[in-house]
Each structure stands twice: as structure tokens, then as C-alpha cells.
file run-v2.pdb (PDB, C-alpha atoms)
ATOM      1  CA  MET A   1     -38.338  18.319  99.149
ATOM      2  CA  SER A   2     -37.993  16.969 102.684
ATOM      3  CA  PHE A   3     -34.808  15.683 104.242
ATOM      4  CA  ALA A   4     -36.179  12.100 104.217
ATOM      5  CA  HIS A   5     -36.924  12.340 100.492
ATOM      6  CA  ILE A   6     -33.394  13.552  99.803
ATOM      7  CA  LEU A   7     -31.867  10.591 101.685
ATOM      8  CA  ALA A   8     -34.177   8.125  99.945
ATOM      9  CA  ALA A   9     -33.161   9.574  96.596
ATOM     10  CA  HIS A  10     -29.477   8.960  97.345
ATOM     11  CA  PHE A  11     -29.546   5.607  99.169
ATOM     12  CA  THR A  12     -31.798   2.658  98.493
ATOM     13  CA  MET A  13     -31.990  -0.265 100.906
ATOM     14  CA  ALA A  14     -29.731  -2.306  98.597
ATOM     15  CA  GLN A  15     -27.130   0.466  98.605
ATOM     16  CA  THR A  16     -27.268   0.726 102.394
ATOM     17  CA  LEU A  17     -26.743  -3.027 102.697
ATOM     18  CA  GLU A  18     -23.767  -2.752 100.363
ATOM     19  CA  LEU A  19     -22.190  -0.127 102.619
ATOM     20  CA  CYS A  20     -22.705  -2.458 105.584
ATOM     21  CA  LEU A  21     -21.047  -5.226 103.543
ATOM     22  CA  ARG A  22     -18.037  -2.981 103.037
ATOM     23  CA  LEU A  23     -17.668  -2.636 106.800
ATOM     24  CA  LEU A  24     -17.962  -6.407 107.207
ATOM     25  CA  LEU A  25     -15.311  -7.107 104.573
ATOM     26  CA  ALA A  26     -13.030  -4.520 106.150
ATOM     27  CA  GLY A  27     -13.380  -6.351 109.460
ATOM     28  CA  ILE A  28     -12.489  -9.658 107.791
ATOM     29  CA  PHE A  29      -9.423  -8.154 106.122
ATOM     30  CA  GLY A  30      -8.292  -6.588 109.394
ATOM     31  CA  ALA A  31      -8.824  -9.865 111.268
ATOM     32  CA  ALA A  32      -6.636 -11.717 108.753
ATOM     33  CA  ILE A  33      -3.690  -9.409 109.418
ATOM     34  CA  GLY A  34      -4.350  -9.274 113.165
ATOM     35  CA  PHE A  35      -4.451 -13.079 113.384
ATOM     36  CA  GLU A  36      -0.858 -13.338 112.188
ATOM     37  CA  ARG A  37       0.233 -10.663 114.676
ATOM     38  CA  SER A  38      -1.591 -12.269 117.607
ATOM     39  CA  LYS A  39       0.065 -15.633 116.914
ATOM     40  CA  ARG A  40       3.388 -13.921 117.614
ATOM     41  CA  PHE A  41       2.055 -12.274 120.787
ATOM     42  CA  LYS A  42       2.413  -8.759 119.405
ATOM     43  CA  GLU A  43       0.984  -5.684 121.087
ATOM     44  CA  ALA A  44      -1.745  -5.149 118.484
ATOM     45  CA  GLY A  45      -3.770  -8.285 117.794
ATOM     46  CA  ILE A  46      -6.992  -9.314 116.093
ATOM     47  CA  ARG A  47      -9.331  -6.891 117.864
ATOM     48  CA  THR A  48      -7.095  -3.892 117.288
ATOM     49  CA  HIS A  49      -6.703  -4.608 113.570
ATOM     50  CA  ILE A  50     -10.430  -5.214 113.131
ATOM     51  CA  ILE A  51     -11.281  -1.918 114.817
ATOM     52  CA  VAL A  52      -8.661  -0.007 112.807
ATOM     53  CA  CYS A  53      -9.787  -1.484 109.485
ATOM     54  CA  CYS A  54     -13.512  -1.039 110.169
ATOM     55  CA  GLY A  55     -12.927   2.475 111.484
ATOM     56  CA  ALA A  56     -10.986   3.461 108.377
ATOM     57  CA  ALA A  57     -13.695   1.957 106.175
ATOM     58  CA  LEU A  58     -16.353   3.894 108.074
ATOM     59  CA  PHE A  59     -14.456   7.167 107.629
ATOM     60  CA  MET A  60     -14.130   6.479 103.912
ATOM     61  CA  ILE A  61     -17.863   5.752 103.602
ATOM     62  CA  VAL A  62     -18.662   8.956 105.488
ATOM     63  CA  SER A  63     -16.191  10.844 103.309
ATOM     64  CA  LYS A  64     -17.699   9.535 100.056
ATOM     65  CA  TYR A  65     -21.394   9.327 100.888
ATOM     66  CA  GLY A  66     -21.980  11.120 104.167
ATOM     67  CA  PHE A  67     -22.494  14.459 102.449
ATOM     68  CA  ALA A  68     -24.903  13.236  99.795
ATOM     69  CA  ASP A  69     -27.690  15.348 101.276
ATOM     70  CA  LEU A  70     -25.658  18.505 100.539
ATOM     71  CA  GLY A  71     -25.947  18.081  96.795
ATOM     72  CA  MET A  72     -28.876  18.058  94.381
ATOM     73  CA  ALA A  73     -29.526  15.639  91.532
ATOM     74  CA  ASP A  74     -28.808  18.356  88.971
ATOM     75  CA  GLY A  75     -25.332  18.907  90.389
ATOM     76  CA  GLY A  76     -26.254  22.013  92.302
ATOM     77  CA  ALA A  77     -25.301  22.606  95.927
ATOM     78  CA  PHE A  78     -27.199  23.884  98.900
ATOM     79  CA  SER A  79     -26.382  27.286 100.330
ATOM     80  CA  GLY A  80     -23.214  27.303 102.421
ATOM     81  CA  THR A  81     -21.600  24.211 100.872
ATOM     82  CA  ARG A  82     -19.577  25.934  98.181
ATOM     83  CA  GLY A  83     -15.891  25.005  98.519
ATOM     84  CA  ALA A  84     -16.601  22.055 100.842
ATOM     85  CA  ASP A  85     -14.195  19.113 100.526
ATOM     86  CA  PRO A  86     -15.668  15.876 101.941
ATOM     87  CA  ALA A  87     -12.455  13.990 101.053
ATOM     88  CA  ARG A  88     -10.779  15.660 104.035
ATOM     89  CA  VAL A  89     -12.524  13.173 106.327
ATOM     90  CA  ALA A  90     -10.758  10.190 104.728
ATOM     91  CA  ALA A  91      -7.487  12.120 104.506
ATOM     92  CA  GLN A  92      -7.399  12.546 108.271
ATOM     93  CA  VAL A  93      -7.216   8.760 108.713
ATOM     94  CA  VAL A  94      -3.689   8.771 107.292
ATOM     95  CA  SER A  95      -2.428  11.218 109.906
ATOM     96  CA  GLY A  96      -4.708  10.021 112.709
ATOM     97  CA  ILE A  97      -3.546   6.400 112.542
ATOM     98  CA  SER A  98       0.009   7.606 113.204
ATOM     99  CA  PHE A  99      -0.838   8.321 116.840
ATOM    100  CA  LEU A 100      -2.081   4.759 117.309
ATOM    101  CA  CYS A 101       0.976   3.313 115.574
ATOM    102  CA  ALA A 102       3.283   5.286 117.850
ATOM    103  CA  GLY A 103       1.733   3.542 120.844
ATOM    104  CA  VAL A 104       3.084   0.119 119.838
ATOM    105  CA  ILE A 105       6.687   1.238 119.239
ATOM    106  CA  PHE A 106       9.072   1.169 122.170
ATOM    107  CA  LYS A 107      12.785   0.785 122.871
ATOM    108  CA  ASN A 108      14.028  -2.156 124.896
ATOM    109  CA  SER A 109      17.710  -2.715 125.700
ATOM    110  CA  GLY A 110      18.968  -1.021 122.575
ATOM    111  CA  THR A 111      16.399  -2.731 120.367
ATOM    112  CA  VAL A 112      13.423  -0.930 118.871
ATOM    113  CA  LYS A 113      10.332  -3.144 118.936
ATOM    114  CA  GLY A 114       6.921  -2.722 117.379
ATOM    115  CA  LEU A 115       7.903  -1.159 114.051
ATOM    116  CA  THR A 116       6.453  -4.042 112.023
ATOM    117  CA  THR A 117       3.239  -4.031 114.043
ATOM    118  CA  ALA A 118       2.931  -0.252 113.627
ATOM    119  CA  ALA A 119       3.464  -0.560 109.880
ATOM    120  CA  GLY A 120       0.844  -3.315 109.837
ATOM    121  CA  LEU A 121      -1.673  -1.031 111.548
ATOM    122  CA  TRP A 122      -0.847   1.700 109.058
ATOM    123  CA  ILE A 123      -1.510  -0.474 105.999
ATOM    124  CA  THR A 124      -4.565  -1.983 107.710
ATOM    125  CA  ALA A 125      -6.018   1.516 107.808
ATOM    126  CA  GLY A 126      -5.280   1.813 104.093
ATOM    127  CA  ILE A 127      -7.050  -1.491 103.437
ATOM    128  CA  GLY A 128     -10.020  -0.184 105.407
ATOM    129  CA  LEU A 129     -10.117   2.950 103.272
ATOM    130  CA  ALA A 130     -10.038   0.822 100.121
ATOM    131  CA  SER A 131     -12.851  -1.361 101.457
ATOM    132  CA  GLY A 132     -14.928   1.677 102.334
ATOM    133  CA  ALA A 133     -14.388   3.035  98.841
ATOM    134  CA  GLY A 134     -15.642  -0.209  97.319
ATOM    135  CA  LEU A 135     -12.247  -1.295  95.964
ATOM    136  CA  PHE A 136     -12.685  -4.846  97.223
ATOM    137  CA  LEU A 137     -10.219  -6.541  94.880
ATOM    138  CA  ILE A 138      -7.443  -4.103  95.795
ATOM    139  CA  ALA A 139      -8.238  -4.481  99.505
ATOM    140  CA  PHE A 140      -8.170  -8.284  99.204
ATOM    141  CA  ALA A 141      -4.891  -8.239  97.254
ATOM    142  CA  ALA A 142      -3.272  -5.947  99.816
ATOM    143  CA  THR A 143      -4.456  -8.178 102.682
ATOM    144  CA  LEU A 144      -3.123 -11.296 100.972
ATOM    145  CA  PHE A 145       0.202  -9.622 100.218
ATOM    146  CA  VAL A 146       0.697  -8.387 103.800
ATOM    147  CA  CYS A 147      -0.201 -11.766 105.333
ATOM    148  CA  LEU A 148       2.119 -13.671 102.995
ATOM    149  CA  LEU A 149       4.911 -11.164 103.545
ATOM    150  CA  GLN A 150       4.671 -11.449 107.335
ATOM    151  CA  ILE A 151       4.646 -15.245 107.287
ATOM    152  CA  LEU A 152       7.452 -15.675 104.755
ATOM    153  CA  MET A 153       9.734 -13.033 106.274
ATOM    154  CA  HIS A 154       9.444 -14.658 109.702
ATOM    155  CA  ARG A 155      10.143 -18.108 108.290
ATOM    156  CA  TYR A 156      12.942 -17.040 105.956
ATOM    157  CA  ALA A 157      14.562 -14.056 107.650
ATOM    158  CA  ILE A 158      17.200 -12.174 105.641
ATOM    159  CA  GLY A 159      19.639  -9.375 106.393
ATOM    160  CA  ALA A 160      19.542  -7.874 109.874
ATOM    161  CA  ASP A 161      16.267  -9.688 110.601
ATOM    162  CA  ALA A 162      18.154 -12.988 110.574
ATOM    163  CA  TYR A 163      20.113 -12.039 113.704
ATOM    164  CA  ALA A 164      18.959 -12.922 117.214
ATOM    165  CA  THR A 165      19.295 -10.556 120.154
ATOM    166  CA  ASN A 166      20.165 -11.645 123.705
ATOM    167  CA  ARG A 167      20.459  -9.723 126.925
ATOM    168  CA  LEU A 168      23.274 -11.083 129.100
ATOM    169  CA  GLN A 169      23.618 -10.119 132.764
ATOM    170  CA  PHE A 170      26.480 -11.154 135.047
ATOM    171  CA  THR A 171      27.449 -10.500 138.638
ATOM    172  CA  VAL A 172      31.144 -11.362 139.174
ATOM    173  CA  ARG A 173      33.811 -11.104 141.864
ATOM    174  CA  ASN A 174      36.850 -10.134 139.823
ATOM    175  CA  GLY A 175      35.734  -7.767 137.132
ATOM    176  CA  PHE A 176      39.177  -7.220 135.609
ATOM    177  CA  GLU A 177      39.837 -10.903 134.886
ATOM    178  CA  PHE A 178      36.251 -11.526 133.827
ATOM    179  CA  ASN A 179      36.322  -8.650 131.382
ATOM    180  CA  ARG A 180      39.033 -10.347 129.339
ATOM    181  CA  SER A 181      37.322 -13.747 129.532
ATOM    182  CA  LEU A 182      34.003 -12.241 128.438
ATOM    183  CA  THR A 183      35.601 -10.516 125.453
ATOM    184  CA  GLU A 184      37.188 -13.788 124.328
ATOM    185  CA  GLN A 185      33.923 -15.661 124.753
ATOM    186  CA  LEU A 186      31.943 -13.137 122.744
ATOM    187  CA  GLU A 187      34.479 -13.454 119.949
ATOM    188  CA  ALA A 188      34.142 -17.247 120.106
ATOM    189  CA  TRP A 189      30.372 -16.911 119.939
ATOM    190  CA  ASN A 190      30.761 -14.466 117.038
ATOM    191  CA  ALA A 191      28.443 -12.107 118.919
ATOM    192  CA  GLN A 192      28.399  -8.335 118.486
ATOM    193  CA  VAL A 193      27.721  -6.081 121.471
ATOM    194  CA  THR A 194      25.118  -3.419 120.670
ATOM    195  CA  GLU A 195      24.708  -1.980 124.159
ATOM    196  CA  SER A 196      26.569  -2.456 127.448
ATOM    197  CA  ARG A 197      26.577  -1.210 131.008
ATOM    198  CA  ILE A 198      29.094  -2.097 133.738
ATOM    199  CA  ASP A 199      28.515  -1.115 137.373
ATOM    200  CA  ARG A 200      30.728  -1.738 140.390
ATOM    201  CA  SER A 201      28.871  -2.369 143.648
ATOM    202  CA  LYS A 202      29.975  -1.376 147.161
ATOM    203  CA  ASP A 203      30.555  -5.020 148.107
ATOM    204  CA  GLY A 204      33.289  -5.276 145.451
ATOM    205  CA  THR A 205      31.287  -7.186 142.861
ATOM    206  CA  THR A 206      30.857  -5.999 139.292
ATOM    207  CA  GLU A 207      27.604  -6.193 137.337
ATOM    208  CA  TYR A 208      27.541  -6.542 133.551
ATOM    209  CA  ASP A 209      24.468  -5.836 131.443
ATOM    210  CA  LEU A 210      25.041  -6.533 127.749
ATOM    211  CA  THR A 211      22.860  -6.663 124.653
ATOM    212  CA  VAL A 212      24.429  -8.813 121.942
ATOM    213  CA  ARG A 213      23.415  -9.992 118.463
ATOM    214  CA  ARG A 214      24.455 -13.011 116.428
ATOM    215  CA  ARG A 215      23.039 -15.454 113.879
ATOM    216  CA  GLU A 216      21.511 -17.787 116.458
ATOM    217  CA  GLU A 217      20.285 -17.134 119.970
ATOM    218  CA  ILE A 218      22.778 -17.898 122.725
ATOM    219  CA  SER A 219      21.505 -21.175 124.105
ATOM    220  CA  TYR A 220      21.163 -22.308 127.697
ATOM    221  CA  GLU A 221      23.890 -24.922 127.182
ATOM    222  CA  GLU A 222      26.362 -22.320 125.893
ATOM    223  CA  MET A 223      25.626 -20.033 128.806
ATOM    224  CA  LYS A 224      25.935 -22.879 131.319
ATOM    225  CA  ALA A 225      29.293 -23.998 129.909
ATOM    226  CA  PHE A 226      30.622 -20.435 130.129
ATOM    227  CA  MET A 227      29.492 -20.115 133.758
ATOM    228  CA  GLU A 228      31.044 -23.449 134.775
ATOM    229  CA  ALA A 229      34.378 -22.391 133.251
ATOM    230  CA  HIS A 230      34.510 -19.206 135.350
ATOM    231  CA  GLU A 231      34.110 -19.538 139.096
ATOM    232  CA  GLU A 232      34.130 -15.772 139.558
ATOM    233  CA  ILE A 233      30.581 -15.591 138.188
ATOM    234  CA  LEU A 234      28.142 -15.323 141.090
ATOM    235  CA  ARG A 235      24.939 -14.854 139.104
ATOM    236  CA  ALA A 236      24.077 -14.833 135.433
ATOM    237  CA  SER A 237      21.013 -14.571 133.202
ATOM    238  CA  ASN A 238      20.344 -14.921 129.487
ATOM    239  CA  SER A 239      17.161 -13.355 128.074
ATOM    240  CA  PRO A 240      16.345 -13.569 124.353
ATOM    241  CA  ILE A 241      14.834 -10.349 122.961
ATOM    242  CA  ARG A 242      12.234 -10.952 120.273
TER     243      ARG A 242
END
call {"tool": "encode", "arguments": {"input": "run-v2.pdb", "output": "C-alpha cells"}}
result
Amino acid sequence: MSFAHILAAHFTMAQTLELCLRLLLAGIFGAAIGFERSKRFKEAGIRTHIIVCCGAALFMIVSKYGFADLGMADGGAFSGTRGADPARVAAQVVSGISFLCAGVIFKNSGTVKGLTTAAGLWITAGIGLASGAGLFLIAFAATLFVCLLQILMHRYAIGADAYATNRLQFTVRNGFEFNRSLTEQLEAWNAQVTESRIDRSKDGTTEYDLTVRRREEISYEEMKAFMEAHEEILRASNSPIR
């Protein structure tokens, strides 16, 4: 039996088209998750999620059907294939996607960003594996669940996610007096300092770099009022961290 006859015996044109459909559905599922991420200007958007989901689906298809020519219809195996485990191909997706996820996680001013996006890429790979395996209903349910979870959790934040993070920077003349005023103001704002750095320059000025968290972001009006009440402030900036 020739190699072409073996392939024809395992895959008809209809079956090949079905495998292509699995890749297409995986791309649609990945795009749905990536669309929500791109709307929030995250590091991994639509294209990244489509590629991850389609790639995972392709690895699953290769893992399940790519070694069909190594087996015979009667269940026998060709010489040299004893002990082979085709499932290892799909298993490597789980560990391989971790390297890609690590690329979207970074630390910024005491705040770790990208964890949700990395977790989204991770489950997108799982959805791709399910699509490649032909588990369309499970893949669709997982996609729907992830999309709804992302939207609802951003709209109705709970716990630590409900707190906003601001980076406050000041350049002042009299650091000793300002230090007390700043402490009182932070208490009035009900803001918690998560990271701070204070440097004294050669010209006698003091620079403050603080990362604070509270229920709402510190607004421009609040910052302006604080600056107008303290003439020792030479420069100030307020940067929300999202």
C-alpha cells in the first residue's frame, strides 16, 4: 500500500474540510477574547489571540491526526512506532504558551500589570486545543464565559480590583514641612501608599515619587487644590496607573 493510499484511507475531503473548519472556529473564538482586550489597549490584542488560538488548535489536530499514517486499519503499527505518544505534541502547548504569557507581564511603579492578559492568552490556548479536538460546544462555552467575565469584572470591580492606582510626583522647596502636609493630605484622601521614593537634590529641593491606591482615582481638581494650598511645591504630576 502506497503512502497516498494510506492518507486517503484516513482522511476524506469532507474530513479535511472539517479540520480546516476547526481552525476557523478557533480563530473566531480567539478573536472574541482578543477584541475585549484590544478595547482596553492591552498588550495582546486581536491578532495575538487569533494566532495563539489557531496555533493551539493546529497542534491539537497534529497531535490527534498527524500520525494517522503510522497506524494500520487493523490496529497494528509500523516498525519503529511502538511506544510513541502523539499526545505529547498537544501537551507541549500548555508549557510553551507560558513563555508567551510571561512577555506581557511587567512591573510598573509597584504595580504588576498584564496578569489578566497573560491568563487570557493561557485559556485562549486551551480553547484552541478544544477546538482542534472537535469539542466545539466546550470551546464556545469557555469563550463566552471568559468574555462575559472580563466585561462584568471591569464594569463591577470588587475587592482589590475596585481600587485605583495613582503615581504622584512632587518637587518642593521645604521637604520637612511638606512631608507633614503630604501625610495629612493622603489621610484626607484616604489613600494608601504602596511605594515611595524621596530624593534630595543639590539645589536644596526635594523630589517625591509616590504610588498610592484608593477607591477612586485622584482627580485633577484635587491635585490642583492641594498644589494651590502649598506654595513650596515647584512642580507636580499625577499619573493614573491602569
call {"tool": "axis_aligned_box", "arguments": {"input": "run-v2.pdb", "around": "range 214-227 of chain A", "padding_each_side": "8 Å", "output": "JSON"}}
result
{"center_x": 25.5, "center_y": -19.0, "center_z": 123.8, "size_x": 26.3, "size_y": 27.9, "size_z": 35.9}
call {"tool": "residues_around", "arguments": {"input": "run-v2.pdb", "residues": "Ala188 in chain A", "least_positions_apart": "5", "cutoff": "12 Å", "atoms": "all atoms listed in the file", "output": "PyMOL selection string"}}
result
chain A and resi 181-183+214+218+222+226
call {"tool": "resolve_selection", "arguments": {"input": "run-v2.pdb", "expression": "the PyMOL selection byres ((chain A and resi 236-239) around 12)", "output": "PyMOL selection string"}}
result
chain A and resi 109+164-172+206-213+217-228+230-235+240-242
call {"tool": "resolve_selection", "arguments": {"input": "run-v2.pdb", "expression": "the PyMOL selection byres ((chain A and resi 130) around 10)", "output": "ChimeraX atom specification"}}
result
/A:22,26,53,56-57,60-61,124-129,131-140,142
call {"tool": "closest_residue", "arguments": {"input": "run-v2.pdb", "among": "A:Ile198, A:Leu21, A:Ile105, A:Leu115", "to": "Leu58 in chain A", "atoms": "all atoms listed in the file"}}
result
A:Leu21
call {"tool": "closest_residue", "arguments": {"input": "run-v2.pdb", "among": "A:Tyr163, A:Thr117, A:Asn179, A:Phe35", "to": "Glu216 in chain A", "atoms": "only C-alpha atoms"}}
result
A:Tyr163
call {"tool": "atom_distance", "arguments": {"input": "run-v2.pdb", "atom1": "CA of Val89 in chain A", "atom2": "CA of Ser63 in chain A"}}
result
5.3 Å
call {"tool": "residues_near_point", "arguments": {"input": "run-v2.pdb", "point": "(-2.1, 7.9, 104.6)", "cutoff": "10 Å", "atoms": "all atoms listed in the file", "output": "list in words"}}
result
Ala90, Ala91, Gln92, Val93, Val94, Ser95, Gly96, Ile97, Ser98, Trp122, Ile123, Ala125, Gly126 and Leu129 of chain A
call {"tool": "resolve_selection", "arguments": {"input": "run-v2.pdb", "expression": "the PyMOL selection byres ((chain A and resi 44) around 9)", "output": "mmCIF file with C-alpha atoms, keeping the file's coordinate frame"}}
result
data_model
loop_
_atom_site.group_PDB
_atom_site.id
_atom_site.type_symbol
_atom_site.label_atom_id
_atom_site.label_comp_id
_atom_site.auth_asym_id
_atom_site.auth_seq_id
_atom_site.Cartn_x
_atom_site.Cartn_y
_atom_site.Cartn_z
ATOM 1 C CA GLY A 34 -4.350 -9.274 113.165
ATOM 2 C CA ARG A 37 0.233 -10.663 114.676
ATOM 3 C CA SER A 38 -1.591 -12.269 117.607
ATOM 4 C CA PHE A 41 2.055 -12.274 120.787
ATOM 5 C CA LYS A 42 2.413 -8.759 119.405
ATOM 6 C CA GLU A 43 0.984 -5.684 121.087
ATOM 7 C CA GLY A 45 -3.770 -8.285 117.794
ATOM 8 C CA ILE A 46 -6.992 -9.314 116.093
ATOM 9 C CA ARG A 47 -9.331 -6.891 117.864
ATOM 10 C CA THR A 48 -7.095 -3.892 117.288
ATOM 11 C CA HIS A 49 -6.703 -4.608 113.570
ATOM 12 C CA VAL A 104 3.084 0.119 119.838
ATOM 13 C CA THR A 117 3.239 -4.031 114.043
ATOM 14 C CA ALA A 118 2.931 -0.252 113.627
ATOM 15 C CA LEU A 121 -1.673 -1.031 111.548
#
call {"tool": "atom_distance", "arguments": {"input": "run-v2.pdb", "atom1": "CA of Ala31 in chain A", "atom2": "CA of Ile50 in chain A"}}
result
5.3 Å
call {"tool": "atom_distance", "arguments": {"input": "run-v2.pdb", "atom1": "CA of Ala102 in chain A", "atom2": "CA of Lys64 in chain A"}}
result
27.8 Å
call {"tool": "residues_around", "arguments": {"input": "run-v2.pdb", "residues": "Ile151 in chain A", "least_positions_apart": "2", "cutoff": "12 Å", "atoms": "all atoms listed in the file", "output": "PyMOL selection string"}}
result
chain A and resi 32-33+35-37+39-40+144-149+153-157
